[in-house]
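What follows is structure.csv (CSV, C-alpha atoms).
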chain,number,residue,atom,x,y,z
A,1,LEU,CA,33.8,-42.4,-53.6
A,2,ASP,CA,32.3,-42.7,-50.2
A,3,GLU,CA,31.1,-39.1,-50.3
A,4,LEU,CA,29.4,-39.4,-53.7
A,5,GLU,CA,25.6,-39.6,-53.8
A,6,GLN,CA,25.2,-39.2,-57.6
A,7,VAL,CA,27.2,-38.5,-60.7
A,8,ILE,CA,25.9,-36.4,-63.5
A,9,ILE,CA,27.9,-36.4,-66.7
A,10,ALA,CA,27.1,-33.7,-69.2
A,11,GLY,CA,28.7,-32.3,-72.3
A,12,ALA,CA,31.9,-33.6,-73.9
A,13,THR,CA,33.1,-35.4,-70.8
A,14,ILE,CA,35.6,-38.3,-70.8
A,15,ILE,CA,35.7,-40.8,-68.0
A,16,ASP,CA,37.7,-44.1,-68.1
A,17,ALA,CA,36.0,-47.5,-67.9
A,18,ARG,CA,37.7,-48.4,-64.6
A,19,SER,CA,36.4,-45.3,-62.8
A,20,LEU,CA,32.9,-45.7,-64.2
A,21,ARG,CA,32.9,-49.4,-63.2
A,22,ARG,CA,34.0,-48.5,-59.6
A,23,ILE,CA,31.2,-45.9,-59.4
A,24,CYS,CA,28.5,-48.3,-60.5
A,25,ASN,CA,29.8,-51.2,-58.3
A,26,ARG,CA,29.4,-48.9,-55.3
A,27,GLY,CA,25.7,-48.4,-56.3
A,28,ILE,CA,26.2,-44.7,-57.1
A,29,PRO,CA,23.7,-43.7,-59.8
A,30,VAL,CA,25.1,-42.1,-62.9
A,31,LEU,CA,23.0,-39.8,-65.1
A,32,LEU,CA,24.3,-39.4,-68.7
A,33,LEU,CA,22.7,-36.1,-69.4
A,34,ASP,CA,21.6,-35.0,-72.8
A,35,SER,CA,21.8,-31.3,-72.2
A,36,LYS,CA,19.8,-30.5,-75.4
A,37,HIS,CA,17.0,-32.9,-74.6
A,38,PRO,CA,17.1,-33.8,-70.8
A,39,THR,CA,14.2,-36.3,-71.2
A,40,ALA,CA,16.3,-38.3,-73.6
A,41,SER,CA,19.1,-38.8,-71.0
A,42,THR,CA,20.4,-42.2,-69.9
A,43,PHE,CA,20.3,-43.6,-66.4
A,44,CYS,CA,22.9,-46.1,-65.2
A,45,PHE,CA,22.3,-48.0,-62.0
A,46,ALA,CA,23.8,-51.1,-60.4
A,47,ASP,CA,20.6,-53.2,-60.3
A,48,PRO,CA,21.3,-56.5,-58.5
A,49,GLY,CA,17.9,-57.8,-59.6
A,50,GLY,CA,15.9,-56.4,-56.7
A,51,ASN,CA,13.9,-58.3,-54.1
A,52,LEU,CA,12.4,-61.0,-56.3
A,53,PRO,CA,9.6,-62.0,-53.9
A,54,ARG,CA,8.7,-58.4,-53.6
A,55,ARG,CA,8.8,-57.9,-57.4
A,56,TRP,CA,6.6,-60.9,-57.8
A,57,LEU,CA,4.0,-59.5,-55.5
A,58,GLN,CA,4.3,-56.2,-57.3
A,59,HIS,CA,3.5,-57.9,-60.6
A,60,GLN,CA,0.6,-59.7,-59.1
A,61,TRP,CA,-0.8,-56.5,-57.6
A,62,LEU,CA,-0.7,-54.9,-61.1
A,63,THR,CA,-3.3,-57.4,-62.2
A,64,ASN,CA,-5.8,-56.0,-59.7
A,65,GLU,CA,-7.8,-53.2,-61.4
A,66,GLN,CA,-9.3,-51.9,-58.2
A,67,ALA,CA,-5.9,-51.7,-56.5
A,68,GLN,CA,-4.6,-49.8,-59.6
A,69,LEU,CA,-7.5,-47.3,-59.4
A,70,ARG,CA,-6.9,-46.7,-55.7
A,71,PHE,CA,-3.2,-46.1,-56.3
A,72,ALA,CA,-3.7,-43.8,-59.3
A,73,ARG,CA,-6.4,-41.8,-57.5
A,74,ALA,CA,-4.2,-41.4,-54.4
A,75,LEU,CA,-1.1,-40.4,-56.5
A,76,ILE,CA,-3.0,-37.8,-58.6
A,77,GLY,CA,-4.7,-36.4,-55.5
A,78,GLN,CA,-1.4,-35.9,-53.7
A,79,LYS,CA,0.1,-34.2,-56.8
A,80,ILE,CA,-2.8,-31.8,-57.1
A,81,ARG,CA,-2.8,-31.0,-53.4
A,82,LYS,CA,0.9,-30.2,-53.5
A,83,GLN,CA,0.6,-28.0,-56.6
A,84,ARG,CA,-2.4,-26.2,-55.0
A,85,HIS,CA,-0.3,-25.6,-51.9
A,86,LEU,CA,2.4,-24.1,-54.1
A,87,LEU,CA,0.0,-21.7,-55.6
A,88,GLN,CA,-1.3,-20.8,-52.2
A,89,TYR,CA,2.3,-20.1,-51.0
A,90,ALA,CA,2.8,-18.0,-54.2
A,91,ILE,CA,-0.1,-15.8,-53.2
A,92,THR,CA,1.6,-14.9,-49.9
A,93,GLN,CA,4.8,-13.9,-51.8
A,94,ARG,CA,3.0,-12.2,-54.7
A,95,PRO,CA,-0.3,-10.7,-53.4
A,96,ASP,CA,-0.4,-8.6,-56.7
A,97,LEU,CA,-1.2,-11.9,-58.4
A,98,ARG,CA,-3.9,-13.0,-56.1
A,99,LEU,CA,-6.6,-13.2,-58.8
A,100,PRO,CA,-4.9,-15.6,-61.3
A,101,LEU,CA,-3.3,-17.6,-58.5
A,102,THR,CA,-6.6,-17.9,-56.6
A,103,GLN,CA,-8.4,-19.0,-59.7
A,104,GLY,CA,-5.7,-21.6,-60.3
A,105,CYS,CA,-6.3,-22.9,-56.7
A,106,ARG,CA,-10.1,-23.1,-57.3
A,107,LEU,CA,-9.7,-25.1,-60.6
A,108,LEU,CA,-7.3,-27.5,-58.9
A,109,SER,CA,-9.8,-28.0,-56.1
A,110,GLU,CA,-12.5,-28.8,-58.6
A,111,ARG,CA,-10.2,-31.4,-60.3
A,112,LEU,CA,-9.5,-32.9,-56.9
A,113,ASP,CA,-13.2,-33.2,-56.1
A,114,SER,CA,-13.9,-35.0,-59.3
A,115,LEU,CA,-11.3,-37.7,-58.8
A,116,HIS,CA,-13.6,-39.9,-56.7
A,117,GLN,CA,-16.2,-39.9,-59.5
A,118,GLN,CA,-13.8,-41.6,-62.0
A,119,THR,CA,-14.0,-45.3,-62.5
A,120,SER,CA,-11.2,-45.9,-65.0
A,121,ILE,CA,-7.4,-45.2,-65.2
A,122,ASN,CA,-8.0,-43.3,-68.5
A,123,ALA,CA,-10.5,-41.0,-66.8
A,124,LEU,CA,-8.1,-40.4,-64.0
A,125,ARG,CA,-5.4,-39.6,-66.6
A,126,GLY,CA,-7.8,-37.0,-68.1
A,127,ILE,CA,-8.2,-35.4,-64.7
A,128,GLU,CA,-4.5,-35.3,-64.1
A,129,GLY,CA,-3.9,-33.7,-67.5
A,130,ALA,CA,-6.6,-31.0,-66.9
A,131,ALA,CA,-5.2,-30.3,-63.5
A,132,SER,CA,-1.7,-29.9,-64.9
A,133,ALA,CA,-3.0,-27.4,-67.5
A,134,SER,CA,-4.8,-25.4,-64.8
A,135,PHE,CA,-1.7,-25.4,-62.6
A,136,PHE,CA,0.6,-24.1,-65.3
A,137,ALA,CA,-1.8,-21.4,-66.5
A,138,ALA,CA,-1.5,-19.9,-63.0
A,139,TYR,CA,2.1,-20.9,-62.2
A,140,GLN,CA,3.5,-19.1,-65.3
A,141,LYS,CA,2.0,-15.8,-64.0
A,142,ALA,CA,4.5,-15.8,-61.1
A,143,PHE,CA,7.5,-15.4,-63.4
A,144,ALA,CA,8.9,-12.2,-64.9
A,145,PRO,CA,7.5,-11.5,-68.4
A,146,SER,CA,11.0,-11.1,-69.6
A,147,LEU,CA,11.6,-14.9,-69.2
A,148,ASN,CA,8.9,-15.6,-71.9
A,149,PHE,CA,7.5,-18.5,-70.0
A,150,GLU,CA,3.9,-18.7,-71.4
A,151,GLN,CA,3.2,-22.4,-71.2
A,152,ARG,CA,4.8,-25.7,-70.3
A,153,ARG,CA,6.7,-26.9,-73.3
A,154,LYS,CA,9.0,-29.9,-73.4
A,155,HIS,CA,10.5,-30.5,-76.8
A,156,PRO,CA,12.3,-28.3,-77.3
A,157,ALA,CA,12.3,-25.9,-74.3
A,158,LEU,CA,12.3,-22.4,-75.8
A,159,ASP,CA,12.6,-20.3,-72.7
A,160,PRO,CA,14.7,-20.4,-69.5
A,161,VAL,CA,11.9,-21.6,-67.2
A,162,ASN,CA,11.0,-24.6,-69.4
A,163,SER,CA,14.6,-25.5,-69.8
A,164,ALA,CA,15.2,-25.4,-66.0
A,165,LEU,CA,12.0,-27.4,-65.4
A,166,SER,CA,12.9,-30.1,-67.9
A,167,LEU,CA,16.3,-30.6,-66.3
A,168,GLY,CA,14.8,-30.6,-62.8
A,169,TYR,CA,12.3,-33.3,-63.7
A,170,THR,CA,15.0,-35.4,-65.2
A,171,LEU,CA,17.1,-35.2,-62.0
A,172,LEU,CA,14.0,-36.0,-60.0
A,173,LEU,CA,13.3,-39.1,-62.2
A,174,SER,CA,16.9,-40.3,-61.6
A,175,GLU,CA,16.3,-40.0,-57.8
A,176,CYS,CA,13.0,-41.9,-58.1
A,177,LEU,CA,14.7,-44.7,-60.0
A,178,ARG,CA,17.4,-45.0,-57.4
A,179,LEU,CA,14.9,-45.2,-54.5
A,180,ILE,CA,12.7,-47.7,-56.2
A,181,LEU,CA,15.7,-50.0,-56.9
A,182,GLN,CA,16.8,-49.6,-53.3
A,183,ALA,CA,13.3,-50.8,-52.2
A,184,GLY,CA,13.7,-53.9,-54.4
A,185,LEU,CA,10.8,-53.0,-56.8
A,186,ASP,CA,10.6,-53.2,-60.5
A,187,PRO,CA,10.8,-49.6,-61.9
A,188,TRP,CA,9.5,-50.5,-65.3
A,189,LEU,CA,6.0,-51.5,-64.4
A,190,GLY,CA,3.7,-48.6,-63.3
A,191,VAL,CA,0.1,-47.7,-63.2
A,192,LEU,CA,-0.6,-44.0,-64.1
A,193,HIS,CA,2.1,-44.2,-66.8
A,194,ARG,CA,1.5,-47.2,-69.2
A,195,PRO,CA,4.4,-49.6,-69.4
A,196,THR,CA,6.1,-48.9,-72.7
A,197,TYR,CA,9.5,-49.6,-74.3
A,198,ASN,CA,12.5,-48.0,-72.4
A,199,ARG,CA,10.4,-46.0,-70.0
A,200,PRO,CA,10.6,-46.7,-66.2
A,201,SER,CA,6.9,-46.3,-65.7
A,202,LEU,CA,6.8,-46.8,-61.9
A,203,ALA,CA,9.5,-44.2,-61.5
A,204,CYS,CA,7.5,-41.8,-63.6
A,205,ASP,CA,4.5,-42.5,-61.4
A,206,PHE,CA,6.4,-41.6,-58.2
A,207,GLN,CA,7.9,-38.6,-60.0
A,208,GLU,CA,4.5,-37.1,-60.0
A,209,LEU,CA,4.5,-36.9,-56.2
A,210,ALA,CA,7.5,-34.6,-56.1
A,211,ARG,CA,7.0,-32.4,-59.2
A,212,ALA,CA,5.6,-29.6,-57.0
A,213,GLU,CA,8.9,-29.5,-55.1
A,214,ILE,CA,10.8,-29.1,-58.3
A,215,GLU,CA,8.4,-26.4,-59.5
A,216,ARG,CA,8.8,-24.5,-56.2
A,217,TRP,CA,12.6,-24.8,-56.4
A,218,ILE,CA,12.7,-23.5,-60.0
A,219,TRP,CA,10.4,-20.6,-59.1
A,220,ASP,CA,12.7,-19.7,-56.1
A,221,LEU,CA,15.8,-19.8,-58.4
A,222,PHE,CA,14.3,-17.2,-60.7
A,223,ARG,CA,12.4,-15.2,-58.0
A,224,LYS,CA,15.6,-14.8,-56.0
A,225,GLN,CA,17.6,-14.2,-59.2
A,226,THR,CA,20.0,-17.1,-58.5
A,227,LEU,CA,19.2,-17.8,-62.2
A,228,THR,CA,18.4,-15.1,-64.7
A,229,ALA,CA,17.9,-15.0,-68.5
A,230,LYS,CA,21.6,-14.2,-68.9
A,231,HIS,CA,22.5,-17.7,-67.7
A,232,PHE,CA,20.8,-19.2,-70.7
A,233,THR,CA,21.5,-19.2,-74.4
A,234,ASN,CA,19.1,-19.8,-77.3
A,235,THR,CA,20.1,-22.1,-80.1
A,236,GLU,CA,18.3,-24.0,-82.9
A,237,ALA,CA,18.0,-26.9,-80.4
A,238,GLY,CA,16.2,-24.7,-77.9
A,239,CYS,CA,17.1,-22.8,-74.7
A,240,ARG,CA,20.0,-24.2,-72.7
A,241,LEU,CA,21.9,-23.4,-69.5
A,242,GLU,CA,25.4,-21.9,-70.0
A,243,LYS,CA,28.4,-22.9,-67.9
A,244,GLU,CA,27.9,-20.3,-65.2
A,245,GLY,CA,24.2,-21.0,-64.9
A,246,ALA,CA,24.8,-24.8,-64.8
A,247,THR,CA,27.2,-24.4,-61.9
A,248,LEU,CA,24.7,-22.4,-59.9
A,249,TYR,CA,21.9,-24.9,-60.9
A,250,TYR,CA,23.7,-28.0,-59.8
A,251,LYS,CA,25.0,-26.4,-56.6
A,252,SER,CA,21.5,-25.5,-55.7
A,253,TRP,CA,20.3,-29.1,-56.6
A,254,ALA,CA,22.9,-30.6,-54.3
A,255,ALA,CA,21.6,-28.5,-51.4
A,256,ILE,CA,17.9,-29.4,-51.6
Take the structure from the file and write it as structure tokens.
Amino acid sequence: LDELEQVIIAGATIIDARSLRRICNRGIPVLLLDSKHPTASTFCFADPGGNLPRRWLQHQWLTNEQAQLRFARALIGQKIRKQRHLLQYAITQRPDLRLPLTQGCRLLSERLDSLHQQTSINALRGIEGAASASFFAAYQKAFAPSLNFEQRRKHPALDPVNSALSLGYTLLLSECLRLILQAGLDPWLGVLHRPTYNRPSLACDFQELARAEIERWIWDLFRKQTLTAKHFTNTEAGCRLEKEGATLYYKSWAAI
């Protein structure tokens, strides 16, 4: 157990209660993955209650509207910058796509410039949504047409790229939850994502900071043909990784 950093349980897997209890008691996060709908997966963490004085300060901080605005503005700004940087990198690898990728960079820059003009969380959420749409309109151009990746779609994922992205975002959320709990914070109270039933809003907030890393990783998996369309199967529930593809996917995840 000393060498385990994370346990991901997918499919028809059986694990006895004693082993699961030992894993959780060691503080090793367990992700009970719903392979059909990764965003509906369950996260199991040994949460000792956190640093209560720190959580108390966190809850007080959340009553400060100006502090929330600064946090949300900084978070969205960092996300947009990272996604713009990814598109800039993609131009160096795919100069034949310079026009759509450059246009995507320009639109992201415009969204970034408009952040400081917004005076409410809802307005900032609108900028974030517009920036995300601009990013994916350019990002999808970098994938082979045979993958049928035409837009970001979550429920269900109908193509290999969306399927791989959804799973990657779920793994990222699990990592954000682990780090937040380690820091003694309350993962359920966030800013950009409204607190709602059964959603770790703060973890969702911090997930935004690393989405570009997931998007670059997924692009590399397909660009280098580590994953191809043959590693996926289409069912009524959507597009899913097959066994060989899942092995390659998780092996690559463990290395990043």
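The spacing separating atom CA of A:Ala90 from atom CA of A:Tyr169 amounts to 20.4 Å.
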Residue among A:Lys251, A:Arg94, A:Arg18, A:His231 lying closest to A:Ala144, counting all atoms listed in the file: A:Arg94
For a quick check of understanding, using all atoms listed in the file, which of A:Arg22, A:Lys141, A:Arg211, A:His37 has the smallest distance to A:Leu97? A:Lys141
Got a sec to check which residues sit within 9 Å of (15.3, -35.2, -67.8), counting all atoms listed in the file, and write them as number ranges by chain? A: 33-35, 37-42, 165-174
Please, could you write that set of residues out with C-alpha atoms as a JSON list (two decimals), keeping the file's coordinate frame?
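Contents of out-v5.json, as written:
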[["chain", "number", "residue", "atom", "x", "y", "z"],
["A", 33, "LEU", "CA", 22.70, -36.10, -69.40],
["A", 34, "ASP", "CA", 21.60, -35.00, -72.80],
["A", 35, "SER", "CA", 21.80, -31.30, -72.20],
["A", 37, "HIS", "CA", 17.00, -32.90, -74.60],
["A", 38, "PRO", "CA", 17.10, -33.80, -70.80],
["A", 39, "THR", "CA", 14.20, -36.30, -71.20],
["A", 40, "ALA", "CA", 16.30, -38.30, -73.60],
["A", 41, "SER", "CA", 19.10, -38.80, -71.00],
["A", 42, "THR", "CA", 20.40, -42.20, -69.90],
["A", 165, "LEU", "CA", 12.00, -27.40, -65.40],
["A", 166, "SER", "CA", 12.90, -30.10, -67.90],
["A", 167, "LEU", "CA", 16.30, -30.60, -66.30],
["A", 168, "GLY", "CA", 14.80, -30.60, -62.80],
["A", 169, "TYR", "CA", 12.30, -33.30, -63.70],
["A", 170, "THR", "CA", 15.00, -35.40, -65.20],
["A", 171, "LEU", "CA", 17.10, -35.20, -62.00],
["A", 172, "LEU", "CA", 14.00, -36.00, -60.00],
["A", 173, "LEU", "CA", 13.30, -39.10, -62.20],
["A", 174, "SER", "CA", 16.90, -40.30, -61.60]]
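Closest to A:Ser109 among A:Asn51, A:Thr233, A:Gln58, A:Gln83 is A:Gln83, based on all atoms listed in the file.
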If we count all atoms listed in the file, what is near A:Glu65 at a cut-off of 9 Å, once residues fewer than 4 positions away on the same chain are taken out, given as a VMD selection string? chain A and resid 61 69 to 70 120 to 121
A:Arg21: which residues within 12 Å, counting all atoms listed in the file, same-chain residues fewer than 5 positions away excluded, as number ranges by chain? A: 1, 15-16, 26-30, 44-46
Only C-alpha atoms, please: the residues just picked out, written as a PDB file, in the coordinates of the input.
ATOM      1  CA  LEU A   1      33.800 -42.400 -53.600  1.00  0.00           C
ATOM      2  CA  ILE A  15      35.700 -40.800 -68.000  1.00  0.00           C
ATOM      3  CA  ASP A  16      37.700 -44.100 -68.100  1.00  0.00           C
ATOM      4  CA  ARG A  26      29.400 -48.900 -55.300  1.00  0.00           C
ATOM      5  CA  GLY A  27      25.700 -48.400 -56.300  1.00  0.00           C
ATOM      6  CA  ILE A  28      26.200 -44.700 -57.100  1.00  0.00           C
ATOM      7  CA  PRO A  29      23.700 -43.700 -59.800  1.00  0.00           C
ATOM      8  CA  VAL A  30      25.100 -42.100 -62.900  1.00  0.00           C
ATOM      9  CA  CYS A  44      22.900 -46.100 -65.200  1.00  0.00           C
ATOM     10  CA  PHE A  45      22.300 -48.000 -62.000  1.00  0.00           C
ATOM     11  CA  ALA A  46      23.800 -51.100 -60.400  1.00  0.00           C
TER      12      ALA A  46
END
Hey, which bits of stretch 2-22 of chain A sit within 12 Å of stretch 237-249 of chain A, and for each residue what's the closest pair of atoms and how far apart in Å (one decimal), counting all atoms listed in the file, rows by chain and increasing number, as CSV?
residue,atom,partner,partner_atom,distance
A:Ile8,CA,A:Ala246,CA,11.7
A:Ala10,CA,A:Ala246,CA,10.2
A:Gly11,CA,A:Lys243,CA,10.4
Within 10 Å of stretch 127-133 of chain A, counting all atoms listed in the file, which residues qualify if same-chain residues fewer than 4 places away don't, as a CSV table (one decimal) with C-alpha atoms, in the frame of the given file?
chain,number,residue,atom,x,y,z
A,72,ALA,CA,-3.7,-43.8,-59.3
A,73,ARG,CA,-6.4,-41.8,-57.5
A,75,LEU,CA,-1.1,-40.4,-56.5
A,76,ILE,CA,-3.0,-37.8,-58.6
A,77,GLY,CA,-4.7,-36.4,-55.5
A,79,LYS,CA,0.1,-34.2,-56.8
A,80,ILE,CA,-2.8,-31.8,-57.1
A,83,GLN,CA,0.6,-28.0,-56.6
A,84,ARG,CA,-2.4,-26.2,-55.0
A,104,GLY,CA,-5.7,-21.6,-60.3
A,107,LEU,CA,-9.7,-25.1,-60.6
A,108,LEU,CA,-7.3,-27.5,-58.9
A,109,SER,CA,-9.8,-28.0,-56.1
A,110,GLU,CA,-12.5,-28.8,-58.6
A,111,ARG,CA,-10.2,-31.4,-60.3
A,112,LEU,CA,-9.5,-32.9,-56.9
A,114,SER,CA,-13.9,-35.0,-59.3
A,115,LEU,CA,-11.3,-37.7,-58.8
A,118,GLN,CA,-13.8,-41.6,-62.0
A,121,ILE,CA,-7.4,-45.2,-65.2
A,122,ASN,CA,-8.0,-43.3,-68.5
A,123,ALA,CA,-10.5,-41.0,-66.8
A,137,ALA,CA,-1.8,-21.4,-66.5
A,138,ALA,CA,-1.5,-19.9,-63.0
A,139,TYR,CA,2.1,-20.9,-62.2
A,151,GLN,CA,3.2,-22.4,-71.2
A,152,ARG,CA,4.8,-25.7,-70.3
A,192,LEU,CA,-0.6,-44.0,-64.1
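One finds atom CA of A:Glu208 at 12.7 Å from atom CA of A:Leu177.
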Residue among A:Leu158, A:Val191, A:Ala74, A:Ile91 lying closest to A:His59, counting only C-alpha atoms: A:Val191
Please write N, CA and C atoms of stretch 4-34 of chain A, from the structure given just now, as a PDB file, in the first residue's frame.
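Heads up, here's the output in out_27.pdb:
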ATOM      1  N   LEU A   4       1.038   3.032  -3.340  1.00  0.00           N
ATOM      2  CA  LEU A   4      -0.195   3.457  -4.010  1.00  0.00           C
ATOM      3  C   LEU A   4      -0.438   4.944  -3.796  1.00  0.00           C
ATOM      4  N   GLU A   5      -0.723   5.660  -4.867  1.00  0.00           N
ATOM      5  CA  GLU A   5      -1.104   7.066  -4.787  1.00  0.00           C
ATOM      6  C   GLU A   5      -2.599   7.246  -4.990  1.00  0.00           C
ATOM      7  N   GLN A   6      -3.206   6.364  -5.755  1.00  0.00           N
ATOM      8  CA  GLN A   6      -4.626   6.475  -6.074  1.00  0.00           C
ATOM      9  C   GLN A   6      -5.131   5.119  -6.521  1.00  0.00           C
ATOM     10  N   VAL A   7      -6.394   4.829  -6.233  1.00  0.00           N
ATOM     11  CA  VAL A   7      -7.032   3.602  -6.701  1.00  0.00           C
ATOM     12  C   VAL A   7      -8.237   3.992  -7.540  1.00  0.00           C
ATOM     13  N   ILE A   8      -8.284   3.484  -8.762  1.00  0.00           N
ATOM     14  CA  ILE A   8      -9.422   3.725  -9.650  1.00  0.00           C
ATOM     15  C   ILE A   8     -10.102   2.386  -9.889  1.00  0.00           C
ATOM     16  N   ILE A   9     -11.352   2.281  -9.491  1.00  0.00           N
ATOM     17  CA  ILE A   9     -12.112   1.042  -9.644  1.00  0.00           C
ATOM     18  C   ILE A   9     -13.162   1.262 -10.724  1.00  0.00           C
ATOM     19  N   ALA A  10     -13.068   0.464 -11.794  1.00  0.00           N
ATOM     20  CA  ALA A  10     -13.992   0.614 -12.921  1.00  0.00           C
ATOM     21  C   ALA A  10     -14.535  -0.745 -13.317  1.00  0.00           C
ATOM     22  N   GLY A  11     -15.725  -0.732 -13.869  1.00  0.00           N
ATOM     23  CA  GLY A  11     -16.297  -1.972 -14.359  1.00  0.00           C
ATOM     24  C   GLY A  11     -16.776  -2.877 -13.236  1.00  0.00           C
ATOM     25  N   ALA A  12     -16.951  -4.148 -13.564  1.00  0.00           N
ATOM     26  CA  ALA A  12     -17.469  -5.123 -12.606  1.00  0.00           C
ATOM     27  C   ALA A  12     -16.336  -5.645 -11.727  1.00  0.00           C
ATOM     28  N   THR A  13     -15.849  -4.791 -10.867  1.00  0.00           N
ATOM     29  CA  THR A  13     -14.716  -5.118 -10.001  1.00  0.00           C
ATOM     30  C   THR A  13     -15.210  -5.458  -8.598  1.00  0.00           C
ATOM     31  N   ILE A  14     -14.611  -6.468  -7.995  1.00  0.00           N
ATOM     32  CA  ILE A  14     -14.960  -6.862  -6.631  1.00  0.00           C
ATOM     33  C   ILE A  14     -13.762  -6.627  -5.725  1.00  0.00           C
ATOM     34  N   ILE A  15     -13.969  -5.916  -4.629  1.00  0.00           N
ATOM     35  CA  ILE A  15     -12.924  -5.694  -3.639  1.00  0.00           C
ATOM     36  C   ILE A  15     -13.539  -5.882  -2.261  1.00  0.00           C
ATOM     37  N   ASP A  16     -12.842  -6.594  -1.387  1.00  0.00           N
ATOM     38  CA  ASP A  16     -13.435  -6.883  -0.081  1.00  0.00           C
ATOM     39  C   ASP A  16     -13.352  -5.663   0.830  1.00  0.00           C
ATOM     40  N   ALA A  17     -14.224  -5.630   1.826  1.00  0.00           N
ATOM     41  CA  ALA A  17     -14.342  -4.479   2.722  1.00  0.00           C
ATOM     42  C   ALA A  17     -13.041  -4.218   3.474  1.00  0.00           C
ATOM     43  N   ARG A  18     -12.342  -5.280   3.885  1.00  0.00           N
ATOM     44  CA  ARG A  18     -11.100  -5.107   4.645  1.00  0.00           C
ATOM     45  C   ARG A  18     -10.047  -4.364   3.826  1.00  0.00           C
ATOM     46  N   SER A  19      -9.914  -4.744   2.559  1.00  0.00           N
ATOM     47  CA  SER A  19      -8.927  -4.075   1.698  1.00  0.00           C
ATOM     48  C   SER A  19      -9.311  -2.622   1.463  1.00  0.00           C
ATOM     49  N   LEU A  20     -10.594  -2.382   1.200  1.00  0.00           N
ATOM     50  CA  LEU A  20     -11.053  -1.019   0.950  1.00  0.00           C
ATOM     51  C   LEU A  20     -10.863  -0.153   2.193  1.00  0.00           C
ATOM     52  N   ARG A  21     -11.128  -0.726   3.371  1.00  0.00           N
ATOM     53  CA  ARG A  21     -10.944   0.017   4.617  1.00  0.00           C
ATOM     54  C   ARG A  21      -9.473   0.365   4.848  1.00  0.00           C
ATOM     55  N   ARG A  22      -8.586  -0.573   4.570  1.00  0.00           N
ATOM     56  CA  ARG A  22      -7.147  -0.322   4.730  1.00  0.00           C
ATOM     57  C   ARG A  22      -6.676   0.783   3.788  1.00  0.00           C
ATOM     58  N   ILE A  23      -7.195   0.750   2.561  1.00  0.00           N
ATOM     59  CA  ILE A  23      -6.817   1.781   1.585  1.00  0.00           C
ATOM     60  C   ILE A  23      -7.268   3.156   2.068  1.00  0.00           C
ATOM     61  N   CYS A  24      -8.514   3.253   2.502  1.00  0.00           N
ATOM     62  CA  CYS A  24      -9.051   4.541   2.948  1.00  0.00           C
ATOM     63  C   CYS A  24      -8.364   5.021   4.225  1.00  0.00           C
ATOM     64  N   ASN A  25      -8.057   4.103   5.128  1.00  0.00           N
ATOM     65  CA  ASN A  25      -7.376   4.489   6.366  1.00  0.00           C
ATOM     66  C   ASN A  25      -5.977   5.030   6.115  1.00  0.00           C
ATOM     67  N   ARG A  26      -5.375   4.622   5.010  1.00  0.00           N
ATOM     68  CA  ARG A  26      -4.058   5.142   4.638  1.00  0.00           C
ATOM     69  C   ARG A  26      -4.154   6.516   3.975  1.00  0.00           C
ATOM     70  N   GLY A  27      -5.371   6.986   3.760  1.00  0.00           N
ATOM     71  CA  GLY A  27      -5.544   8.272   3.091  1.00  0.00           C
ATOM     72  C   GLY A  27      -5.366   8.199   1.592  1.00  0.00           C
ATOM     73  N   ILE A  28      -5.452   6.998   1.028  1.00  0.00           N
ATOM     74  CA  ILE A  28      -5.310   6.831  -0.427  1.00  0.00           C
ATOM     75  C   ILE A  28      -6.673   7.061  -1.072  1.00  0.00           C
ATOM     76  N   PRO A  29      -6.794   8.031  -1.972  1.00  0.00           N
ATOM     77  CA  PRO A  29      -8.100   8.307  -2.582  1.00  0.00           C
ATOM     78  C   PRO A  29      -8.564   7.176  -3.486  1.00  0.00           C
ATOM     79  N   VAL A  30      -9.849   6.906  -3.458  1.00  0.00           N
ATOM     80  CA  VAL A  30     -10.451   5.858  -4.282  1.00  0.00           C
ATOM     81  C   VAL A  30     -11.503   6.498  -5.175  1.00  0.00           C
ATOM     82  N   LEU A  31     -11.385   6.259  -6.466  1.00  0.00           N
ATOM     83  CA  LEU A  31     -12.363   6.759  -7.432  1.00  0.00           C
ATOM     84  C   LEU A  31     -13.178   5.584  -7.935  1.00  0.00           C
ATOM     85  N   LEU A  32     -14.472   5.584  -7.632  1.00  0.00           N
ATOM     86  CA  LEU A  32     -15.387   4.563  -8.132  1.00  0.00           C
ATOM     87  C   LEU A  32     -15.950   5.082  -9.445  1.00  0.00           C
ATOM     88  N   LEU A  33     -15.359   4.628 -10.526  1.00  0.00           N
ATOM     89  CA  LEU A  33     -15.606   5.233 -11.834  1.00  0.00           C
ATOM     90  C   LEU A  33     -16.848   4.660 -12.503  1.00  0.00           C
ATOM     91  N   ASP A  34     -17.685   5.558 -12.975  1.00  0.00           N
ATOM     92  CA  ASP A  34     -18.799   5.181 -13.834  1.00  0.00           C
ATOM     93  C   ASP A  34     -18.306   5.351 -15.267  1.00  0.00           C
TER      94      ASP A  34
END
